[in-house]
Amino acid sequence: MNVPSGWHTPGHTDRYRQRVFAARERLAAEHADLRGAQQRVLTDLLGFNAATEFGRQHGFGRIRTMDDFRAAVPVRDYAAHAPLIERTAAGERNLLSADAPAVYFTSSGSTGAHKKVPVTPRFMRTTFMPFYFAAWAPLIEHFPDVLDRPDAVLNLKHDPLSAPPTTADGRPHVGASQVDFGARFGEPLAAEPGTGAPWATLPVPTEPGDHLERAYLRLRLAVQSDVRALIGINPAMIAAVPYQLNLWWPRIVKEVRDGTLGGVPHRAPDPERAAELERLADYFGTVRPAHVWPRIRALFCWSTGVASLYLPALREEFGAGITVLPAPVAASEGPVGVALDRHASAGSLVASASVYEFVPADQDLAPDRDTLLPHELETGQEYHVVFSHVGGLYRYAVGDVVRVVDRVGGVPRVEYAGRGGRSDAAGERLRDAQVVRALHTALTAGGLALHNVACRVEPAADHTPRYVFAIAPRTPWHATEAARFTAAVDGALAAESDGYARARAAGRLGAPAVRLLDAGAFARDWHEAVGTGVRPTQVKDRLFRQDDALWGRLTGTPGALTGTPGG
């Protein structure tokens with residue numbers, strides 16, 4: 001069971017703060033010799049894993065340079081690694097890594113199929129822990145009060161399990177947020193902020209798949225604390241909080257008044273706090289996180305991609321002057337970038353974590369695709385990420401695209417730009433990042449804001465494919481505003497993608513359309529997805545939603561389209 005108790009131990013906070021700042025200083029010091037750090041990572045992973053089945057097959061013992069490595073090992077995705085991962089999970093050893101996995105991280109990936117990402121002790125020591133500790137430095141440096149009390153942080157991603165599922169070799173197969181790093185990997189300081197709060201390990205039982213009830217119970221407890229920051233990583237989890245407070249408000253207030261938790265006696269009744277909460281709701285006519293926790297100062301989550309379109313308005317729900325700190329650019333398979341300061345979106349490449357390669361985002365990935373090394377990247381450009389690390393992933397195409405924002409100390413600073421796949425109905429080959437930028441341009445031009453957005457390709461009346469955007473406006477849009485917005489999106493997409501411009505000019509792609517949804521549509525859809533048993537951390541913003549059932553769940557019964565320009 002993941003029950004981190006260190007936060008209640010005398011001196012723990014000081015030790016934790018020292019460990020976090022030391023990790024950041026170590027990563028920053030590596031910037032002085034990026035190429036040397038990358039060569040050391042390569043030498044280490046080759047030497048450590050030379051005797052594995054993969055290492056023998058690809059001649060690790062003979063490889064000395066990156067050119068050797070690229071010649072010996074093709075670019076590979078999860079499917080290419082999967083046969084050896086499955087054999088490892090079945091109990092075989094020394095296949096990908098000389099170190100046996102202690103746990104397998106689960107990841108939904110872009111297809112929704114659950115991956116098994118092998119996590120070895122050596123990977124945790126050399127790749128994961130340094131970036132993991134350093135990631136918290138900006139939060140605790142600039143908002144030190146988040147460590148004053150265990151309940152000062154509402155950590156939405158922390159989700160301990162008493163009986164985790166296991167693979168055939170008996171290792172847990174869980175999310176990274178469900179692992180007790182102290183027990184599994186001997187890291188007693190690894191319990192992150194918020195994991196010592198009263199709601200971190202719920203005192204009442206719940207069904208393993210009832211994630212919504214657990215979310216309710218945490219909010220019910222948190223409304224009686226002076227929360228200063230929220231940690232979500234996945235911004236959709238933070239976006240759900242205002243909706244959840246309003247959805248569950250009568251039940252929350254009643255349980256606070258009665259001193260119950262999930263209908264079970266829990267602590268002394270608190271009629272004063274219940275009355276205060278009721279007064280707030282009556283006065284404002286709604287419930288906002290800023291009303292419940294007036295001293296919130298920071299949100300910690302991914303701040304780019306689709307979230308960049310709704311976070312500016314969302315953070316107002318949490319109060320004036322709220323800072324959004326970017327979570328690391330990372331996947332279950334490994335880290336890419338981590339913010340070492342208060343940059344709003346980007347983090348420095350973690351030079352000692354993995355060997356990094358990149359492919360221009362407009363090129364398709366392939367096993368023999370030429371790659372660029374970190375020192376060859378250009379500021380302002382976008383790239384597919386490929387990495388290799390000692391945990392047993394080699395030239396692994398993680399499926400994400402990053403944008404190089406700038407360089408700090410010679411090291412690229414990158415932000416997440418979207419998934420690496422494309423939407424391509426008529427040669428337009430649109431990527432997430434291109435559509436997000438087009439939407440931002442159109443929103444800015446019209447002075448508009450939204451709760452969230454998704455899109456898909458549908459046939460128009462003349463059977464020509466076109467993009468339909470489902471949008472939940474922050475405030476109601478007039479018909480003329482929607483029409484101008486749709487025309488602006490059309491023009492911005494053409495500016496972003498030559499393929500889109502050609503397809504529109506040739507008539508292969510019709511003019512886009514907008515379907516305006518009610519303000520709560522995306523929050524309800526998120527809740528419905530979580531209600532099916534999917535962990536909240538894995539229900540992420542998805543821009544392209546071509547699946548008919550999922551689109552229908554979001555948009556409801558077919559309704560009138562609006563904002564459809566001619567052409």
# chains A, B, ... in the order shown; residues from 1 in each chain; ligands from 1
>>> residues_around(residues="range 300-315 of chain A", least_positions_apart="3", cutoff="7 Å", atoms="only C-alpha atoms", output="PyMOL selection string")
chain A and resi 230-235+239+318-319+322+324-327+345+416-418+433+436+440+450-452+541+543
>>> residues_around(residues="Gly499 in chain A", least_positions_apart="5", cutoff="12 Å", atoms="only C-alpha atoms", output="list in words")
Asp362, Arg422, Ser423, Asp424, Ala425, Ala426, Gly427, Glu428, Arg429, Leu430, Arg431, Gln434, Leu493, Ala494, Arg504, Ala505, Ala506, Arg508 and Leu509 of chain A
>>> write_last_selection(atoms="all heavy atoms", output="short mmCIF file (atom, residue, chain, number, x, y, z; two decimals), in the first residue's frame")
data_model
loop_
_atom_site.label_atom_id
_atom_site.label_comp_id
_atom_site.auth_asym_id
_atom_site.auth_seq_id
_atom_site.Cartn_x
_atom_site.Cartn_y
_atom_site.Cartn_z
N ASP A 362 7.44 17.55 -39.17
CA ASP A 362 6.74 17.39 -40.43
C ASP A 362 7.17 16.15 -41.20
O ASP A 362 6.60 15.83 -42.24
CB ASP A 362 6.94 18.64 -41.31
CG ASP A 362 6.13 19.83 -40.79
OD1 ASP A 362 5.09 19.59 -40.15
OD2 ASP A 362 6.55 20.98 -41.02
N ARG A 422 -1.13 12.37 -37.00
CA ARG A 422 -1.71 13.38 -37.88
C ARG A 422 -3.17 13.04 -38.19
O ARG A 422 -3.58 11.88 -38.15
CB ARG A 422 -0.95 13.43 -39.21
CG ARG A 422 0.52 13.79 -39.09
CD ARG A 422 1.16 13.74 -40.47
NE ARG A 422 2.60 13.95 -40.41
CZ ARG A 422 3.18 15.14 -40.40
NH1 ARG A 422 2.43 16.22 -40.45
NH2 ARG A 422 4.49 15.26 -40.35
N SER A 423 -3.91 14.07 -38.51
CA SER A 423 -5.24 13.91 -39.09
C SER A 423 -5.10 14.21 -40.58
O SER A 423 -4.64 15.29 -40.96
CB SER A 423 -6.23 14.87 -38.43
OG SER A 423 -7.51 14.73 -39.01
N ASP A 424 -5.50 13.26 -41.41
CA ASP A 424 -5.22 13.40 -42.85
C ASP A 424 -6.36 12.78 -43.65
O ASP A 424 -6.33 11.61 -44.00
CB ASP A 424 -3.89 12.73 -43.18
CG ASP A 424 -3.42 13.06 -44.59
OD1 ASP A 424 -4.02 13.94 -45.23
OD2 ASP A 424 -2.44 12.43 -45.04
N ALA A 425 -7.37 13.60 -43.96
CA ALA A 425 -8.51 13.12 -44.74
C ALA A 425 -8.36 13.41 -46.22
O ALA A 425 -8.90 12.71 -47.05
CB ALA A 425 -9.80 13.76 -44.23
N ALA A 426 -7.59 14.47 -46.54
CA ALA A 426 -7.50 14.89 -47.94
C ALA A 426 -6.13 15.48 -48.27
O ALA A 426 -6.02 16.37 -49.10
CB ALA A 426 -8.59 15.92 -48.24
N GLY A 427 -5.10 14.97 -47.58
CA GLY A 427 -3.76 15.47 -47.83
C GLY A 427 -3.36 16.64 -46.95
O GLY A 427 -2.28 17.22 -47.15
N GLU A 428 -4.16 16.98 -45.94
CA GLU A 428 -3.87 18.15 -45.11
C GLU A 428 -2.80 17.88 -44.06
O GLU A 428 -2.10 18.78 -43.63
CB GLU A 428 -5.14 18.68 -44.45
CG GLU A 428 -5.73 17.80 -43.34
CD GLU A 428 -6.63 16.70 -43.85
OE1 GLU A 428 -6.54 16.36 -45.05
OE2 GLU A 428 -7.41 16.17 -43.06
N ARG A 429 -2.71 16.64 -43.57
CA ARG A 429 -1.66 16.19 -42.65
C ARG A 429 -1.51 17.15 -41.46
O ARG A 429 -0.43 17.67 -41.18
CB ARG A 429 -0.33 16.05 -43.39
CG ARG A 429 -0.33 14.91 -44.40
CD ARG A 429 0.90 14.90 -45.28
NE ARG A 429 2.14 14.83 -44.52
CZ ARG A 429 2.65 13.73 -43.98
NH1 ARG A 429 2.00 12.57 -44.10
NH2 ARG A 429 3.79 13.76 -43.33
N LEU A 430 -2.58 17.34 -40.76
CA LEU A 430 -2.58 18.26 -39.63
C LEU A 430 -2.07 17.59 -38.36
O LEU A 430 -2.46 16.46 -38.03
CB LEU A 430 -3.98 18.81 -39.38
CG LEU A 430 -4.53 19.81 -40.39
CD1 LEU A 430 -5.98 20.14 -40.08
CD2 LEU A 430 -3.68 21.08 -40.40
N ARG A 431 -1.22 18.31 -37.63
CA ARG A 431 -0.76 17.88 -36.32
C ARG A 431 -1.49 18.67 -35.23
O ARG A 431 -2.01 19.75 -35.46
CB ARG A 431 0.75 18.10 -36.18
CG ARG A 431 1.60 17.23 -37.09
CD ARG A 431 3.08 17.44 -36.82
NE ARG A 431 3.57 18.70 -37.34
CZ ARG A 431 3.92 19.74 -36.59
NH1 ARG A 431 3.79 19.69 -35.26
NH2 ARG A 431 4.38 20.85 -37.14
N GLN A 434 -0.42 22.36 -34.85
CA GLN A 434 -0.90 23.28 -35.88
C GLN A 434 -2.34 23.70 -35.62
O GLN A 434 -2.69 24.87 -35.77
CB GLN A 434 -0.78 22.61 -37.25
CG GLN A 434 0.66 22.35 -37.68
CD GLN A 434 0.73 21.51 -38.94
OE1 GLN A 434 0.07 20.48 -39.06
NE2 GLN A 434 1.55 21.94 -39.89
N LEU A 493 -5.60 27.69 -40.28
CA LEU A 493 -5.16 26.34 -40.64
C LEU A 493 -4.43 26.34 -41.98
O LEU A 493 -3.43 25.64 -42.15
CB LEU A 493 -6.36 25.39 -40.69
CG LEU A 493 -6.96 24.99 -39.34
CD1 LEU A 493 -8.26 24.20 -39.55
CD2 LEU A 493 -5.97 24.15 -38.54
N ALA A 494 -4.92 27.12 -42.93
CA ALA A 494 -4.24 27.22 -44.22
C ALA A 494 -2.85 27.83 -44.06
O ALA A 494 -1.90 27.43 -44.76
CB ALA A 494 -5.08 28.05 -45.18
N ARG A 504 -8.00 22.64 -49.45
CA ARG A 504 -9.13 23.57 -49.50
C ARG A 504 -9.26 24.21 -50.88
O ARG A 504 -10.35 24.33 -51.44
CB ARG A 504 -8.95 24.66 -48.44
CG ARG A 504 -9.19 24.18 -47.02
CD ARG A 504 -10.67 23.98 -46.69
NE ARG A 504 -11.35 25.27 -46.55
CZ ARG A 504 -12.36 25.66 -47.33
NH1 ARG A 504 -12.81 24.88 -48.30
NH2 ARG A 504 -12.94 26.84 -47.14
N ALA A 505 -8.12 24.60 -51.45
CA ALA A 505 -8.16 25.26 -52.76
C ALA A 505 -8.65 24.31 -53.85
O ALA A 505 -9.34 24.73 -54.79
CB ALA A 505 -6.77 25.80 -53.11
N ALA A 506 -8.30 23.03 -53.72
CA ALA A 506 -8.69 22.05 -54.73
C ALA A 506 -10.09 21.50 -54.50
O ALA A 506 -10.58 20.70 -55.31
CB ALA A 506 -7.67 20.90 -54.75
N ARG A 508 -10.95 19.44 -52.18
CA ARG A 508 -10.92 18.11 -51.56
C ARG A 508 -11.34 18.17 -50.10
O ARG A 508 -11.67 17.14 -49.50
CB ARG A 508 -9.51 17.51 -51.66
CG ARG A 508 -8.98 17.31 -53.06
CD ARG A 508 -7.74 16.43 -53.08
NE ARG A 508 -6.72 16.91 -52.16
CZ ARG A 508 -5.78 17.80 -52.47
NH1 ARG A 508 -5.76 18.34 -53.69
NH2 ARG A 508 -4.87 18.17 -51.59
N LEU A 509 -11.31 19.36 -49.52
CA LEU A 509 -11.65 19.56 -48.12
C LEU A 509 -12.60 20.74 -48.03
O LEU A 509 -12.33 21.81 -48.60
CB LEU A 509 -10.38 19.83 -47.31
CG LEU A 509 -10.42 19.64 -45.79
CD1 LEU A 509 -10.70 18.19 -45.44
CD2 LEU A 509 -9.09 20.10 -45.18
#
>>> select_by_dssp(residues="range 175-352 of chain A", states="helix (DSSP H, G or I)", output="count of residues only")
74
>>> residues_around(residues="Arg407 in chain A", least_positions_apart="2", cutoff="12 Å", atoms="only C-alpha atoms", output="list in words")
His31, Leu34, Ala346, Gly347, Ser348, Leu349, Pro374, His375, Glu376, Leu377, Glu378, Thr379, Gly380, Arg403, Val404, Val405, Gly409, Gly410, Val411, Pro412, Arg413, Val414 and Glu415 of chain A
>>> write_last_selection(atoms="N, CA and C atoms", output="mmCIF file, in the first residue's frame")
data_model
loop_
_atom_site.group_PDB
_atom_site.id
_atom_site.type_symbol
_atom_site.label_atom_id
_atom_site.label_comp_id
_atom_site.auth_asym_id
_atom_site.auth_seq_id
_atom_site.Cartn_x
_atom_site.Cartn_y
_atom_site.Cartn_z
ATOM 1 N N HIS A 31 24.496 21.228 -17.787
ATOM 2 C CA HIS A 31 24.359 22.038 -18.989
ATOM 3 C C HIS A 31 25.707 22.472 -19.554
ATOM 4 N N LEU A 34 26.841 19.382 -22.483
ATOM 5 C CA LEU A 34 25.719 18.594 -22.988
ATOM 6 C C LEU A 34 26.194 17.382 -23.765
ATOM 7 N N ALA A 346 8.072 25.612 -20.532
ATOM 8 C CA ALA A 346 9.156 24.778 -21.046
ATOM 9 C C ALA A 346 10.109 24.315 -19.958
ATOM 10 N N GLY A 347 10.793 23.210 -20.244
ATOM 11 C CA GLY A 347 11.796 22.668 -19.342
ATOM 12 C C GLY A 347 13.062 22.311 -20.092
ATOM 13 N N SER A 348 14.172 22.347 -19.394
ATOM 14 C CA SER A 348 15.458 22.012 -19.996
ATOM 15 C C SER A 348 15.580 20.511 -20.205
ATOM 16 N N LEU A 349 16.205 20.138 -21.313
ATOM 17 C CA LEU A 349 16.453 18.731 -21.595
ATOM 18 C C LEU A 349 17.233 18.109 -20.437
ATOM 19 N N PRO A 374 20.740 16.759 -29.755
ATOM 20 C CA PRO A 374 20.288 17.981 -29.075
ATOM 21 C C PRO A 374 20.988 19.256 -29.524
ATOM 22 N N HIS A 375 22.274 19.187 -29.771
ATOM 23 C CA HIS A 375 22.987 20.409 -30.138
ATOM 24 C C HIS A 375 22.649 20.872 -31.556
ATOM 25 N N GLU A 376 21.939 20.038 -32.319
ATOM 26 C CA GLU A 376 21.592 20.393 -33.690
ATOM 27 C C GLU A 376 20.187 20.999 -33.818
ATOM 28 N N LEU A 377 19.462 21.098 -32.727
ATOM 29 C CA LEU A 377 18.090 21.584 -32.790
ATOM 30 C C LEU A 377 18.050 23.095 -32.996
ATOM 31 N N GLU A 378 16.980 23.554 -33.637
ATOM 32 C CA GLU A 378 16.797 24.976 -33.902
ATOM 33 C C GLU A 378 15.662 25.537 -33.050
ATOM 34 N N THR A 379 15.905 26.693 -32.470
ATOM 35 C CA THR A 379 14.875 27.359 -31.679
ATOM 36 C C THR A 379 13.660 27.681 -32.546
ATOM 37 N N GLY A 380 12.484 27.398 -31.996
ATOM 38 C CA GLY A 380 11.244 27.665 -32.703
ATOM 39 C C GLY A 380 10.736 26.512 -33.537
ATOM 40 N N ARG A 403 8.431 21.462 -28.925
ATOM 41 C CA ARG A 403 8.887 22.689 -29.576
ATOM 42 C C ARG A 403 10.079 23.226 -28.792
ATOM 43 N N VAL A 404 11.138 23.595 -29.490
ATOM 44 C CA VAL A 404 12.297 24.187 -28.843
ATOM 45 C C VAL A 404 12.005 25.668 -28.617
ATOM 46 N N VAL A 405 11.921 26.064 -27.352
ATOM 47 C CA VAL A 405 11.570 27.437 -27.000
ATOM 48 C C VAL A 405 12.803 28.339 -27.030
ATOM 49 N N GLY A 409 22.140 27.885 -21.137
ATOM 50 C CA GLY A 409 23.440 27.252 -20.945
ATOM 51 C C GLY A 409 23.801 26.293 -22.052
ATOM 52 N N GLY A 410 23.286 26.539 -23.256
ATOM 53 C CA GLY A 410 23.588 25.666 -24.381
ATOM 54 C C GLY A 410 22.690 24.459 -24.507
ATOM 55 N N VAL A 411 21.763 24.285 -23.560
ATOM 56 C CA VAL A 411 20.868 23.120 -23.566
ATOM 57 C C VAL A 411 19.487 23.556 -24.058
ATOM 58 N N PRO A 412 18.902 22.821 -25.009
ATOM 59 C CA PRO A 412 17.556 23.195 -25.484
ATOM 60 C C PRO A 412 16.534 23.149 -24.351
ATOM 61 N N ARG A 413 15.664 24.145 -24.348
ATOM 62 C CA ARG A 413 14.523 24.139 -23.443
ATOM 63 C C ARG A 413 13.295 23.870 -24.299
ATOM 64 N N VAL A 414 12.528 22.836 -23.937
ATOM 65 C CA VAL A 414 11.456 22.356 -24.802
ATOM 66 C C VAL A 414 10.121 22.381 -24.078
ATOM 67 N N GLU A 415 9.061 22.522 -24.858
ATOM 68 C CA GLU A 415 7.708 22.408 -24.346
ATOM 69 C C GLU A 415 6.955 21.374 -25.167
#
>>> residues_around(residues="range 478-491 of chain A", least_positions_apart="2", cutoff="9 Å", atoms="only C-alpha atoms", output="number ranges by chain")
A: 435, 438-443, 445-446, 448, 469, 476, 493-496, 501, 511-514, 516, 562-566
>>> write_last_selection(atoms="N, CA, C and O atoms", output="mmCIF file, in the first residue's frame")
data_model
loop_
_atom_site.group_PDB
_atom_site.id
_atom_site.type_symbol
_atom_site.label_atom_id
_atom_site.label_comp_id
_atom_site.auth_asym_id
_atom_site.auth_seq_id
_atom_site.Cartn_x
_atom_site.Cartn_y
_atom_site.Cartn_z
ATOM 1 N N VAL A 435 -3.161 22.760 -35.225
ATOM 2 C CA VAL A 435 -4.563 23.079 -34.958
ATOM 3 C C VAL A 435 -4.689 23.946 -33.712
ATOM 4 O O VAL A 435 -5.484 24.898 -33.676
ATOM 5 N N ALA A 438 -3.799 27.427 -34.652
ATOM 6 C CA ALA A 438 -4.876 28.027 -35.448
ATOM 7 C C ALA A 438 -6.045 28.433 -34.555
ATOM 8 O O ALA A 438 -6.630 29.509 -34.727
ATOM 9 N N LEU A 439 -6.398 27.588 -33.614
ATOM 10 C CA LEU A 439 -7.483 27.921 -32.687
ATOM 11 C C LEU A 439 -7.111 29.134 -31.837
ATOM 12 O O LEU A 439 -7.945 30.018 -31.599
ATOM 13 N N HIS A 440 -5.875 29.190 -31.386
ATOM 14 C CA HIS A 440 -5.439 30.341 -30.584
ATOM 15 C C HIS A 440 -5.532 31.632 -31.391
ATOM 16 O O HIS A 440 -5.999 32.666 -30.891
ATOM 17 N N THR A 441 -5.116 31.571 -32.653
ATOM 18 C CA THR A 441 -5.193 32.744 -33.519
ATOM 19 C C THR A 441 -6.636 33.216 -33.671
ATOM 20 O O THR A 441 -6.941 34.409 -33.569
ATOM 21 N N ALA A 442 -7.542 32.263 -33.914
ATOM 22 C CA ALA A 442 -8.946 32.619 -34.125
ATOM 23 C C ALA A 442 -9.600 33.123 -32.845
ATOM 24 O O ALA A 442 -10.401 34.072 -32.873
ATOM 25 N N LEU A 443 -9.282 32.514 -31.709
ATOM 26 C CA LEU A 443 -9.835 32.977 -30.437
ATOM 27 C C LEU A 443 -9.365 34.398 -30.126
ATOM 28 O O LEU A 443 -10.146 35.253 -29.709
ATOM 29 N N ALA A 445 -8.308 36.672 -32.207
ATOM 30 C CA ALA A 445 -8.865 37.639 -33.156
ATOM 31 C C ALA A 445 -10.279 38.059 -32.771
ATOM 32 O O ALA A 445 -10.681 39.198 -32.998
ATOM 33 N N GLY A 446 -11.030 37.145 -32.176
ATOM 34 C CA GLY A 446 -12.405 37.465 -31.817
ATOM 35 C C GLY A 446 -12.610 37.827 -30.361
ATOM 36 O O GLY A 446 -13.742 38.092 -29.940
ATOM 37 N N LEU A 448 -12.370 35.803 -27.845
ATOM 38 C CA LEU A 448 -13.209 34.721 -27.325
ATOM 39 C C LEU A 448 -12.414 33.816 -26.397
ATOM 40 O O LEU A 448 -11.187 33.762 -26.441
ATOM 41 N N PHE A 469 -15.548 21.387 -35.343
ATOM 42 C CA PHE A 469 -14.987 21.691 -34.032
ATOM 43 C C PHE A 469 -16.103 21.752 -33.001
ATOM 44 O O PHE A 469 -17.057 22.525 -33.154
ATOM 45 N N PRO A 476 -21.354 32.757 -23.664
ATOM 46 C CA PRO A 476 -22.070 32.488 -24.922
ATOM 47 C C PRO A 476 -21.506 33.289 -26.095
ATOM 48 O O PRO A 476 -21.140 34.460 -25.954
ATOM 49 N N LEU A 493 -5.599 27.690 -40.283
ATOM 50 C CA LEU A 493 -5.160 26.337 -40.637
ATOM 51 C C LEU A 493 -4.431 26.342 -41.976
ATOM 52 O O LEU A 493 -3.427 25.640 -42.147
ATOM 53 N N ALA A 494 -4.917 27.123 -42.925
ATOM 54 C CA ALA A 494 -4.242 27.221 -44.215
ATOM 55 C C ALA A 494 -2.855 27.827 -44.061
ATOM 56 O O ALA A 494 -1.900 27.427 -44.755
ATOM 57 N N ALA A 495 -2.711 28.780 -43.131
ATOM 58 C CA ALA A 495 -1.400 29.383 -42.895
ATOM 59 C C ALA A 495 -0.459 28.412 -42.197
ATOM 60 O O ALA A 495 0.755 28.444 -42.423
ATOM 61 N N GLU A 496 -1.001 27.526 -41.376
ATOM 62 C CA GLU A 496 -0.178 26.559 -40.645
ATOM 63 C C GLU A 496 0.245 25.387 -41.518
ATOM 64 O O GLU A 496 1.335 24.841 -41.338
ATOM 65 N N ALA A 501 -4.074 24.048 -47.004
ATOM 66 C CA ALA A 501 -4.369 25.110 -47.979
ATOM 67 C C ALA A 501 -4.617 24.524 -49.357
ATOM 68 O O ALA A 501 -5.555 24.936 -50.063
ATOM 69 N N ALA A 511 -15.157 23.651 -46.081
ATOM 70 C CA ALA A 511 -14.994 24.647 -45.026
ATOM 71 C C ALA A 511 -15.333 24.027 -43.678
ATOM 72 O O ALA A 511 -16.245 23.209 -43.558
ATOM 73 N N PRO A 512 -14.612 24.406 -42.632
ATOM 74 C CA PRO A 512 -14.899 23.831 -41.309
ATOM 75 C C PRO A 512 -16.231 24.317 -40.763
ATOM 76 O O PRO A 512 -16.821 25.276 -41.269
ATOM 77 N N ALA A 513 -16.684 23.653 -39.730
ATOM 78 C CA ALA A 513 -17.911 24.035 -39.037
ATOM 79 C C ALA A 513 -17.661 23.983 -37.544
ATOM 80 O O ALA A 513 -16.719 23.334 -37.073
ATOM 81 N N VAL A 514 -18.508 24.657 -36.798
ATOM 82 C CA VAL A 514 -18.399 24.695 -35.346
ATOM 83 C C VAL A 514 -19.698 24.188 -34.731
ATOM 84 O O VAL A 514 -20.785 24.565 -35.157
ATOM 85 N N LEU A 516 -21.354 24.356 -31.168
ATOM 86 C CA LEU A 516 -21.249 24.959 -29.851
ATOM 87 C C LEU A 516 -21.972 24.104 -28.819
ATOM 88 O O LEU A 516 -23.154 23.793 -28.966
ATOM 89 N N THR A 562 -23.085 25.559 -36.391
ATOM 90 C CA THR A 562 -23.126 27.011 -36.516
ATOM 91 C C THR A 562 -21.771 27.502 -36.979
ATOM 92 O O THR A 562 -20.782 26.780 -36.925
ATOM 93 N N GLY A 563 -21.732 28.727 -37.430
ATOM 94 C CA GLY A 563 -20.469 29.327 -37.837
ATOM 95 C C GLY A 563 -19.852 28.650 -39.027
ATOM 96 O O GLY A 563 -18.649 28.433 -39.074
ATOM 97 N N THR A 564 -20.641 28.271 -40.014
ATOM 98 C CA THR A 564 -20.120 27.596 -41.193
ATOM 99 C C THR A 564 -20.066 28.576 -42.353
ATOM 100 O O THR A 564 -21.090 28.922 -42.935
ATOM 101 N N PRO A 565 -18.869 29.049 -42.713
ATOM 102 C CA PRO A 565 -18.779 29.998 -43.809
ATOM 103 C C PRO A 565 -18.934 29.303 -45.146
ATOM 104 O O PRO A 565 -18.782 28.091 -45.259
ATOM 105 N N GLY A 566 -19.211 30.055 -46.159
ATOM 106 C CA GLY A 566 -19.284 29.475 -47.495
ATOM 107 C C GLY A 566 -17.921 29.070 -47.996
ATOM 108 O O GLY A 566 -16.898 29.513 -47.510
#
>>> atom_distance(atom1="CA of Gln18 in chain A", atom2="CA of Arg35 in chain A")
28.0 Å
>>> select_by_dssp(residues="range 127-262 of chain A", states="strand (DSSP E or B)", output="VMD selection string")
chain A and resid 153 to 155 166 172 to 174 229 to 233 260 to 261
